[in-house]
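Report on one structure; see the data block that follows.
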Protein chains: 2
Amino acid sequence: MGRPRQYNDRVTIQAVAERAGVSTMTVSNVFNRKGKVGAPTRTRVLAVIEELGYVPNLAARRLTGSAVARVGLIHADRDSMFINATIAAVSIAAAEMGLQLLIRASQDASPDATKALASGLVRSGAQALLLIPPFAEAMAASSATMDLGVPVAALSTASALADITTIRIDNYAAARAITNHLVEAGRRRIAVVAGPATHSDSLARLDGHRSALRDHGLLFEPDLCIAGDFTFLSGLEAAERLLALPDRPDAIVAANDDMAAGILWTAHRRGVRVPAELAVTGFDDTLIATRVWPSLTTVHQPIREMASRALELVVQAARDPEDYGSARDLVLPFSVIERGSS
Amino acid sequence: MGRPRQYNDRVTIQAVAERAGVSTMTVSNVFNRKGKVGAPTRTRVLAVIEELGYVPNLAARRLTGSAVARVGLIHADRDSMFINATIAAVSIAAAEMGLQLLIRASQDASPDATKALASGLVRSGAQALLLIPPFAEAMAASSATMDLGVPVAALSTASALADITTIRIDNYAAARAITNHLVEAGRRRIAVVAGPATHSDSLARLDGHRSALRDHGLLFEPDLCIAGDFTFLSGLEAAERLLALPDRPDAIVAANDDMAAGILWTAHRRGVRVPAELAVTGFDDTLIATRVWPSLTTVHQPIREMASRALELVVQAARDPEDYGSARDLVLPFSVIERGSS
DNA sequence: CTGAAAGCGCTTACAG
DNA sequence: CTGAAAGCGCTTACAG
């Protein structure tokens with residue numbers, strides 16, 4: 001009675017062993033295909049497993065250390081739609097996989113601080129780590145990934161990193177695509193509000209933008225390039241400067257949705273009609289993209305999929321310690337979502 | 001060597017017990033707030049837990065049969081900042097607690113459909129259920145909660161419900177407070193954009209608003225009350241009507257942040273200065289509240305805390321089957337956050 | 001090829 | 001108020 005009823009009904013490895021007339025570890029070996037079991041025994045045990053509907057208890061498996069239970073996540077302690085969306089996606093995926101997530105926020109993305117944070121997470125039992133910019137870059141710079149003793153994966157970086165599995169989109173190509181879209185729609189004076197230089201993804205987007213302009217024979221004018229910090233407010237302010245220019249841009253490409261929302265806001269305030277007089281584009285396709293007016297043309301990042309793929313890869317690597325070094329680089333497809341702002 | 005190295009460094013209940021000079025079960029009792037531990041011991045153990053960064057191994061807990069593994073969540077299949085924030089908060093809390101979450105979205109909130117959805121979740125192994133409006137109300141109406149055989153909790157309802165543990169703020173009081181704030185700031189023609197009538201929280205907010213007006217001897221004018229549906233667009237449209245009125249309101253109270261954002265947008269478009277000519281308030285304090293301009297005065301709901309408390313309560317109830325019937329009603333404090341829009 | 005033993009980290013009765 | 005003992009279900013060395 002004290003014990004929840006589902007446990008009473010449960011078929012254990014003991015029950016299988018008794019009925020098959022073998023020991024529990026033989027059942028274990030059969031189940032895990034260790035191949036050290038004789039064919040007749042194997043057949044008999046499999047029959048009993050089938051008969052009894054045996055399903056191994058995951059909690060017991062984890063307790064022996066042969067299944068991964070805990071994953072750590074480090075993210076910037078900043079109010080960003082993208083970070084929020086990523087944390088949510090990772091949490092949902094982790095919850096679905098029954099993984100315990102240890103989440104740490106930090107403002108200090110120096111290599112040393114990042115390494116310390118990661119070690120703490122491992123000490124608290126994290127068997128694998130997930131990072132978001134700028135911590136992925138910092139971890140790679142500290143070149144201490146291997147010392148951690150657990151596999152590390154990073155979401156949304158600009159490129160592959162040493163000893164770290166990366167799951168990302170091609171930021172360069174995405175920025176090119178959205179800039180192309182604007183040029184093809186007839187825009188000629190295209191300004192850009194970039195993200196912070198510490199984020200590799202932010203730099204890749206700027207490069208992609210410049211490359212697209214170049215392809216179309218358009219100049220990249222320094223006056224039309226402002227560095228933001230990924231916040232709504234920085235977008236607001238950048239637009240204030242851009243729209244005060246004597247020769248106003250006819251489009252502004254923002255490096256994320258938060259800043260694009262700020263740009264839209266300034267445009268409204270100054271009576272600049274969007275998209276008639278000014279096109280605005282975002283990046284990430286976060287929730288805010290459909291909560292502004294007009295709704296935002298932006299690059300869709302498959303955040304949910306990136307999160308679950310990252311978790312799968314990192315859990316798989318954790319099960320196979322010999323494999324820590326073989327970092328992978330998974331590049332998922334993005335798409336340009338055209339909405340009212342362009 | 002066969003065992004992953006991270007296990008060597010791992011902080012276990014043993015390590016905590018040794019360092020604190022107590023037995024492991026005392027640590028266990030402290031951690032689980034059994035209240036059978038003396039204050040000095042308790043303090044000492046807590047300090048060591050903090051110092052070592054101890055996180056209990058969930059697999060071990062589950063193996064003893066004292067931990068719940070699966071919880072189901074039912075929410076409306078609608079794009080809402082509040083729903084998103086709630087799902088994220090529940091997922092994060094679930095992931096931290098190592099709970100496996102089964103999430104179901106539905107458009108049909110009839111009592112029958114809700115009951116069917118809940119049963120399906122239980123059949124899939126959910127040992128407890130979490131609901132959000134309007135499903136909590138629907139479940140209570142079906143009066144089939146007890147048949148489910150698992151404890152049920154609801155977030156953000158207007159009041160307590162039969163057989164369902166509720167975790168909420170006092171929506172009535174919160175709406176009164178924010179309306180009071182506007183009156184005290186000198187506003188006299190206060191309009192309201194309400195939420196859907198199927199949501200009990202929405203109704204409570206409307207009542208609170210009216211009550212505050214009454215207290216101050218202000219009329220509740222039907223012309224100044226528009227029913228929205230909690231979406232950005234409905235806020236946009238409601239404001240269009242309100243601001244076209246010959247005798248324009250000097251404040252608009254919205255029943256959530258999405259609608260308030262829409263109202264701000266319309267005000268901007270029509271050149272109505274906020275807050276000089278028009279004050280606008282939201283409800284929930286979701287991410288959008290700081291991504292509009294001016295930022296939104298709103299009611300802060302402690303969504304993260306509500307989510308983790310709900311999960312704790314429901315998991316606790318699931319551990320104690322005798323206790324299913326004793327639904328609780330947990331009312332957490334809210335706060336009015338004053339920002340630029342009022 | 002197969003098994004007896006120990007242990008993973010925690011909690012639950014049960015003693016003192 | 002605190003602790004010694006047993007056990008949850010499984011796997012991993014280690015023997016035979």
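Here's how to read the names in the structure tokens: chain A, B, ... by the order shown, residue numbers from 1 in each chain, ligand numbers from 1 in the order shown.
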
Within 6 Å of segment 165-175 of chain A using only C-alpha atoms (C1' of nucleotides), minus same-chain residues under 4 positions, as a PyMOL selection string: chain A and resi 153-156+160+204-205+208-209+327-332

Do you have, as a tab-separated table, the list of residues of chain A lying at most 7 Å from chain D, each with its nearest atom pair and that distance in Å to one decimal, counting only C-alpha atoms (C1' of nucleotides) and ordered by chain then number?
```
residue	atom	partner	partner_atom	distance
A:Thr12	CA	D:DG9	C1'	6.9
A:Asn57	CA	D:DG9	C1'	6.6
A:Ala60	CA	D:DC10	C1'	5.0
A:Arg61	CA	D:DC10	C1'	5.3
A:Thr64	CA	D:DT11	C1'	6.0
```

At most 6 Å to chain B: residues in chain A, only C-alpha atoms, as a ChimeraX atom specification: /A:59-60,62-63,88,91-92,95-96,98-101,123-125,232

Identical-sequence pair chain B and chain A: C-alpha RMSD when superposed in order: 5.4 Å

Residue neighbourhood segment 25-31 of chain A, 8 Å, only C-alpha atoms (C1' of nucleotides), exclusion window fewer than 2 positions, as an NGL selection string: (:A and (13 or 16-17 or 22-23 or 33-37 or 42 or 45-46)) or (:C and (2-3)) or (:D and (11))

For atom CA of Ala279 of chain A and atom CA of Ala158 of chain A, the interatomic separation in Å (one decimal):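 Between atom CA of Ala279 of chain A and atom CA of Ala158 of chain A the gap works out to 25.8 Å.
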
Spatial neighbours of Asp223 of chain B, 12 Å, only C-alpha atoms (C1' of nucleotides), chain gap at least 5 places, as an MDAnalysis selection string: chainID B and resid 189:193 238 241:249

Dump as a CSV table (one decimal), in the first residue's frame, selection limited to C-alpha atoms:
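In the end it all went to part_10.csv:
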```csv
chain,number,residue,atom,x,y,z
B,189,ARG,CA,-12.0,57.5,-18.1
B,190,ILE,CA,-10.7,54.0,-17.8
B,191,ALA,CA,-11.6,51.4,-20.5
B,192,VAL,CA,-11.0,47.7,-20.2
B,193,VAL,CA,-10.2,45.1,-22.8
B,238,ALA,CA,-10.2,46.8,-29.5
B,241,ARG,CA,-12.6,51.2,-31.5
B,242,LEU,CA,-11.8,52.7,-28.2
B,243,LEU,CA,-9.5,55.4,-29.6
B,244,ALA,CA,-12.1,56.3,-32.2
B,245,LEU,CA,-14.6,57.2,-29.6
B,246,PRO,CA,-15.6,60.9,-29.4
B,247,ASP,CA,-14.8,61.0,-25.8
B,248,ARG,CA,-11.6,58.9,-25.7
B,249,PRO,CA,-10.5,57.0,-22.6
```
